[in-house]
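Q: Next comes the structure file input.txt, holding compact mmCIF, C-alpha atoms.
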# COMPACT_ATOMS: atom_id res chain seq x y z
CA MET B 1 4.26 139.66 113.22
CA ASP B 2 1.69 137.12 112.05
CA ILE B 3 1.78 133.72 110.36
CA ILE B 4 -1.01 131.35 109.25
CA ILE B 5 -1.01 127.87 110.79
CA ASN B 6 -3.95 125.47 110.39
CA ASN B 7 -6.00 128.36 108.96
CA LEU B 8 -5.42 130.34 112.16
CA LYS B 9 -3.69 133.70 112.32
CA ILE B 10 -0.88 133.27 114.82
CA HIS B 11 0.86 136.30 116.27
CA TYR B 12 4.48 136.07 117.35
CA LYS B 13 7.34 138.28 118.48
CA GLU B 14 11.04 137.89 117.75
CA ASN B 15 14.23 139.65 118.75
CA GLY B 16 17.98 139.13 118.60
CA THR B 17 20.35 137.08 116.45
CA GLY B 18 22.10 133.78 116.99
CA GLN B 19 20.86 130.44 118.31
CA ASP B 20 17.09 130.05 117.84
CA VAL B 21 15.24 129.96 121.18
CA LEU B 22 11.50 129.24 121.08
CA LEU B 23 9.56 130.62 124.07
CA LEU B 24 6.16 129.09 124.83
CA HIS B 25 3.87 130.87 127.28
CA GLY B 26 1.43 129.49 129.82
CA TRP B 27 -2.33 129.05 129.82
CA GLY B 28 -4.27 132.30 129.43
CA SER B 29 -1.04 134.26 129.04
CA SER B 30 0.74 135.55 125.92
CA SER B 31 4.15 136.23 124.42
CA ASP B 32 4.21 139.49 126.41
CA VAL B 33 5.31 137.51 129.45
CA TYR B 34 8.75 137.12 127.87
CA SER B 35 9.37 140.82 127.11
CA ALA B 36 12.08 141.28 129.74
CA LEU B 37 13.95 138.14 128.68
CA MET B 38 13.73 138.87 124.95
CA ASN B 39 15.05 142.41 125.38
CA ALA B 40 17.79 141.65 127.91
CA PRO B 41 21.34 142.41 126.70
CA GLY B 42 24.12 139.86 126.48
CA PHE B 43 22.32 136.98 124.75
CA ASN B 44 23.60 135.48 121.51
CA CYS B 45 20.09 134.28 120.74
CA HIS B 46 17.27 134.74 118.28
CA PHE B 47 14.18 134.69 120.51
CA ILE B 48 10.81 133.72 119.04
CA ALA B 49 7.66 133.88 121.18
CA PRO B 50 4.27 132.96 119.66
CA ASP B 51 0.82 133.48 121.11
CA PHE B 52 -0.88 130.09 121.35
CA PRO B 53 -4.32 129.89 119.66
CA GLY B 54 -6.93 131.52 121.87
CA CYS B 55 -4.33 133.67 123.60
CA GLY B 56 -2.89 137.12 123.02
CA GLN B 57 -3.43 138.30 119.46
CA SER B 58 -3.82 134.84 117.88
CA ASP B 59 -7.06 133.38 116.56
CA THR B 60 -8.97 130.82 118.62
CA MET B 61 -9.28 127.27 117.33
CA GLN B 62 -12.74 126.00 116.39
CA GLU B 63 -12.48 122.62 118.13
CA PRO B 64 -10.96 121.65 121.51
CA TRP B 65 -7.27 120.73 121.47
CA ASN B 66 -5.27 118.19 123.42
CA ILE B 67 -1.54 118.13 124.14
CA GLN B 68 -0.82 116.39 120.82
CA ASP B 69 -2.50 119.26 118.97
CA TYR B 70 -0.26 121.77 120.75
CA ALA B 71 2.78 119.66 119.86
CA ASN B 72 1.76 119.52 116.20
CA PHE B 73 1.16 123.27 116.21
CA THR B 74 4.62 123.91 117.65
CA LEU B 75 6.32 121.64 115.13
CA GLU B 76 4.55 123.36 112.24
CA LEU B 77 5.49 126.77 113.64
CA ILE B 78 9.15 125.70 113.80
CA GLU B 79 9.02 124.49 110.20
CA LYS B 80 7.21 127.54 108.81
CA LEU B 81 9.53 129.98 110.54
CA GLY B 82 12.57 128.02 109.43
CA LEU B 83 13.95 127.60 112.95
CA LYS B 84 17.12 125.52 113.12
CA ASN B 85 17.28 123.03 115.98
CA PRO B 86 15.83 125.53 118.48
CA ILE B 87 16.32 125.55 122.20
CA ILE B 88 12.83 125.33 123.69
CA ALA B 89 11.58 127.08 126.81
CA GLY B 90 8.16 127.06 128.38
CA HIS B 91 6.27 128.55 131.27
CA SER B 92 3.45 126.52 132.86
CA HIS B 93 1.45 125.05 129.94
CA GLY B 94 4.27 126.02 127.58
CA GLY B 95 6.55 123.82 129.67
CA ARG B 96 4.06 120.99 129.35
CA VAL B 97 4.35 121.26 125.56
CA CYS B 98 8.15 121.24 125.81
CA LEU B 99 8.07 118.09 127.93
CA TYR B 100 5.70 116.34 125.55
CA LEU B 101 7.79 117.19 122.49
CA ALA B 102 11.10 116.12 124.02
CA GLY B 103 9.76 113.16 125.99
CA ASN B 104 8.15 111.64 122.89
CA GLY B 105 11.18 112.25 120.68
CA LEU B 106 9.33 114.72 118.45
CA LEU B 107 12.12 117.22 119.09
CA ASN B 108 15.65 116.75 120.34
CA PRO B 109 16.51 120.31 121.36
CA PRO B 110 20.04 121.24 122.39
CA LYS B 111 18.67 122.58 125.68
CA ILE B 112 15.33 122.95 127.48
CA ILE B 113 14.22 125.60 129.98
CA LEU B 114 11.21 124.92 132.20
CA LEU B 115 9.68 127.85 134.08
CA ASP B 116 7.19 126.77 136.76
CA SER B 117 6.17 124.08 134.29
CA ALA B 118 2.96 122.10 134.14
CA GLY B 119 2.98 118.46 133.10
CA LEU B 120 2.11 116.47 136.21
CA ILE B 121 -1.33 115.77 137.61
CA PRO B 122 -1.12 116.99 141.21
CA LYS B 123 -2.59 115.06 144.09
CA LYS B 124 -5.92 116.61 145.04
CA THR B 125 -6.75 117.58 148.59
CA PHE B 126 -9.95 116.27 150.16
CA LYS B 127 -11.56 119.69 149.61
CA GLN B 128 -10.59 119.70 145.92
CA LYS B 129 -11.92 116.16 145.44
CA PHE B 130 -15.17 117.11 147.19
CA ARG B 131 -15.65 120.17 144.95
CA ALA B 132 -14.91 118.19 141.79
CA ASN B 133 -17.26 115.36 142.72
CA SER B 134 -19.97 117.82 143.75
CA PHE B 135 -19.84 119.55 140.39
CA LYS B 136 -19.90 116.22 138.51
CA PHE B 137 -23.00 115.16 140.46
CA ILE B 138 -24.78 118.48 139.85
CA LYS B 139 -23.84 118.48 136.16
CA LYS B 140 -25.16 114.94 135.73
CA ALA B 141 -28.40 115.78 137.55
CA LEU B 142 -28.99 118.93 135.51
CA SER B 143 -28.36 117.03 132.27
CA LEU B 144 -31.26 114.62 132.80
CA PRO B 145 -33.70 114.73 129.85
CA VAL B 146 -36.62 115.89 132.03
CA ILE B 147 -34.94 119.17 133.04
CA LYS B 148 -32.15 119.56 130.50
CA ASN B 149 -33.96 122.27 128.53
CA TYR B 150 -34.48 124.37 131.66
CA SER B 151 -31.23 123.82 133.54
CA GLN B 152 -28.62 125.81 131.59
CA GLU B 153 -28.69 128.81 133.92
CA LEU B 154 -28.31 126.60 136.99
CA LEU B 155 -25.47 124.70 135.31
CA ASN B 156 -23.68 127.96 134.53
CA LYS B 157 -24.02 129.02 138.17
CA ALA B 158 -22.62 125.68 139.36
CA ARG B 159 -19.73 125.95 136.90
CA ALA B 160 -18.95 129.45 138.16
CA HIS B 161 -19.04 128.27 141.78
CA TYR B 162 -17.03 125.06 141.43
CA GLY B 163 -14.75 125.85 138.47
CA SER B 164 -11.28 127.38 138.62
CA ALA B 165 -10.67 130.99 137.62
CA ASP B 166 -8.92 129.85 134.42
CA TYR B 167 -11.83 127.56 133.57
CA ASN B 168 -14.50 130.18 134.17
CA ALA B 169 -12.66 132.85 132.21
CA ALA B 170 -12.36 130.70 129.08
CA PRO B 171 -14.87 130.30 126.23
CA PRO B 172 -16.36 126.79 125.80
CA VAL B 173 -13.76 125.52 123.28
CA LEU B 174 -10.94 126.53 125.62
CA ARG B 175 -12.73 125.11 128.66
CA GLN B 176 -12.80 121.69 127.01
CA THR B 177 -9.17 122.13 126.01
CA LEU B 178 -8.17 122.99 129.57
CA VAL B 179 -9.95 119.93 130.97
CA SER B 180 -7.98 117.71 128.57
CA LEU B 181 -4.66 119.37 129.44
CA VAL B 182 -4.95 119.30 133.23
CA ASN B 183 -5.80 115.60 133.08
CA THR B 184 -2.63 114.79 131.13
CA ASP B 185 0.28 113.43 133.16
CA LEU B 186 3.66 113.29 131.45
CA ARG B 187 5.89 111.81 134.16
CA HIS B 188 6.18 108.46 132.35
CA ILE B 189 8.00 110.07 129.38
CA LEU B 190 10.33 112.35 131.33
CA PRO B 191 13.17 109.78 131.62
CA ASN B 192 13.30 109.78 127.78
CA ILE B 193 14.47 113.40 127.70
CA LYS B 194 18.18 113.57 126.88
CA SER B 195 18.56 117.36 126.53
CA PRO B 196 20.24 119.37 129.30
CA THR B 197 17.29 120.86 131.16
CA LEU B 198 17.12 123.91 133.43
CA LEU B 199 14.22 124.29 135.85
CA ILE B 200 13.44 127.68 137.38
CA TRP B 201 10.73 127.68 140.03
CA GLY B 202 9.07 129.83 142.65
CA ASP B 203 9.08 128.40 146.15
CA ASN B 204 5.59 129.84 146.71
CA ASP B 205 4.11 128.52 143.47
CA THR B 206 0.65 127.11 144.22
CA ALA B 207 -0.39 126.36 140.61
CA THR B 208 2.55 124.03 139.89
CA PRO B 209 4.13 123.57 143.32
CA LEU B 210 7.83 123.17 144.01
CA SER B 211 7.19 119.51 144.78
CA ASP B 212 6.37 119.06 141.07
CA ALA B 213 9.71 120.61 140.15
CA LYS B 214 11.55 118.14 142.34
CA ILE B 215 9.74 115.21 140.72
CA ILE B 216 10.49 116.51 137.22
CA GLU B 217 14.15 117.09 138.14
CA SER B 218 14.42 113.55 139.52
CA LEU B 219 13.01 112.03 136.31
CA ILE B 220 14.93 113.99 133.65
CA PRO B 221 18.48 112.58 133.65
CA ASP B 222 20.43 115.78 132.82
CA SER B 223 18.53 118.45 134.74
CA GLY B 224 19.03 121.02 137.46
CA LEU B 225 16.63 123.08 139.57
CA CYS B 226 17.04 126.74 140.57
CA VAL B 227 14.55 128.09 143.12
CA LEU B 228 13.68 131.78 143.28
CA ASN B 229 12.73 132.43 146.88
CA GLY B 230 9.69 134.53 147.63
CA THR B 231 8.10 134.07 144.20
CA GLY B 232 5.03 132.30 142.88
CA HIS B 233 3.88 130.80 139.58
CA PHE B 234 5.43 133.62 137.51
CA SER B 235 8.77 133.43 139.33
CA PHE B 236 10.83 134.57 136.33
CA CYS B 237 8.66 137.70 136.03
CA GLU B 238 8.71 138.45 139.75
CA LYS B 239 12.51 138.31 139.90
CA PRO B 240 13.50 138.95 136.27
CA MET B 241 17.13 139.92 136.86
CA GLN B 242 17.88 136.74 138.81
CA ALA B 243 16.05 134.57 136.28
CA ILE B 244 17.76 136.23 133.31
CA ALA B 245 21.20 135.76 134.92
CA ILE B 246 20.49 132.05 135.46
CA ILE B 247 19.20 131.57 131.90
CA LYS B 248 22.13 133.51 130.45
CA SER B 249 24.57 131.26 132.29
CA PHE B 250 22.73 128.15 131.07
CA LEU B 251 22.68 129.34 127.45
CA GLY B 252 26.24 130.60 127.51
CA GLY B 253 25.53 134.31 127.08
CA ASN B 254 27.97 137.13 127.71
Could you quickly redo this structure as structure tokens?

A:
Amino acid sequence: MDIIINNLKIHYKENGTGQDVLLLHGWGSSSDVYSALMNAPGFNCHFIAPDFPGCGQSDTMQEPWNIQDYANFTLELIEKLGLKNPIIAGHSHGGRVCLYLAGNGLLNPPKIILLDSAGLIPKKTFKQKFRANSFKFIKKALSLPVIKNYSQELLNKARAHYGSADYNAAPPVLRQTLVSLVNTDLRHILPNIKSPTLLIWGDNDTATPLSDAKIIESLIPDSGLCVLNGTGHFSFCEKPMQAIAIIKSFLGGN
């Protein structure tokens, strides 16, 4: 199904009846990531999973977004779909949006589910700092007026060499969006979250490591962490039955 928000066609999926549960996917992903959860039996829930702008079957925004823009988008989606005090759940970037909404008091959901969530700026290794500084130096050099008109190809090669896979795969408007998001740290607002919060994490997650989960758990007053051993950043997809059982228990399913 589709809905128009901010002049953008937004695709979303829904299934089930009962308590509204809004599922927000991660960067570069789509609502498809929640297929197993949305179709699992035994939930007394109405699941809604949108594709963020620039992902899945939704339109791409014209200007770069920051975390506030994603929050505003989510609030408007909730209003337009008539969702009533929804539980919110998010994987990776979707979790970041959940944390921002709840931590700033924009939503007071009955419960929150974080799946390998983003939201903290990780400490960079020496190698990561070296790569980042190298690219900044090269970008600055290639932007000098004398060679700017002739340096685009070299700049693209440097971006491909030094940039992350997510960064390189994105069009320019999403690249600028990603830079804004990964430089946003939300730990200072986490103690404001009053909702019972479930964290599900992969012990082998390298994108948002388990150490992040432990920090988030320590800062959100009413929270608990469940670790899925032998899984990575998509832990709930790698071990769907275990994740679904945990979520069902948390939500009070049959």

Q: In terms of the shortest atom-to-atom distance over all atoms listed in the file, which of B:Ile67, B:Ile78, B:Leu106, B:Ile247 is closest to Asn192 in chain B?

A: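 Result for the nearest residue to Asn192 in chain B: B:Leu106.
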
Q: Which protein, DNA or RNA residues have an atom at most 8 Å from (20.1, 115.9, 128.5), counting all atoms listed in the file? List them as JSON, numbers by chain.

A: {"B": [111, 193, 194, 195, 196, 197, 220, 221, 222, 223]}

Q: Can you list, as a VMD selection string, every protein, DNA or RNA residue that comes within 7 Å of Ile10 in chain B when you count only C-alpha atoms, leaving out same-chain residues fewer than 3 positions away?

A: chain B and resid 2 to 5 51 53 58 to 59

Q: Would you please work out which residue, of B:Leu75, B:Leu219, B:Leu228, B:Ile189, is nearest to Ala245 in chain B when using all atoms listed in the file?

A: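 Nearest candidate to Ala245 in chain B out of B:Leu75, B:Leu219, B:Leu228, B:Ile189: B:Leu228.
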
Q: Kindly provide, as a list in words, the polymer residues lying within 8 Å of (7.1, 120.2, 130.2), counting all atoms listed in the file and using the coordinates exactly as they appear in the file.

A: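 Here is the list of nearby residues: Gly90, Ser92, His93, Gly94, Gly95, Arg96, Val97, Cys98, Leu99, Tyr100, Leu114, Ser117, Ala118, Gly119 and Leu186 of chain B.
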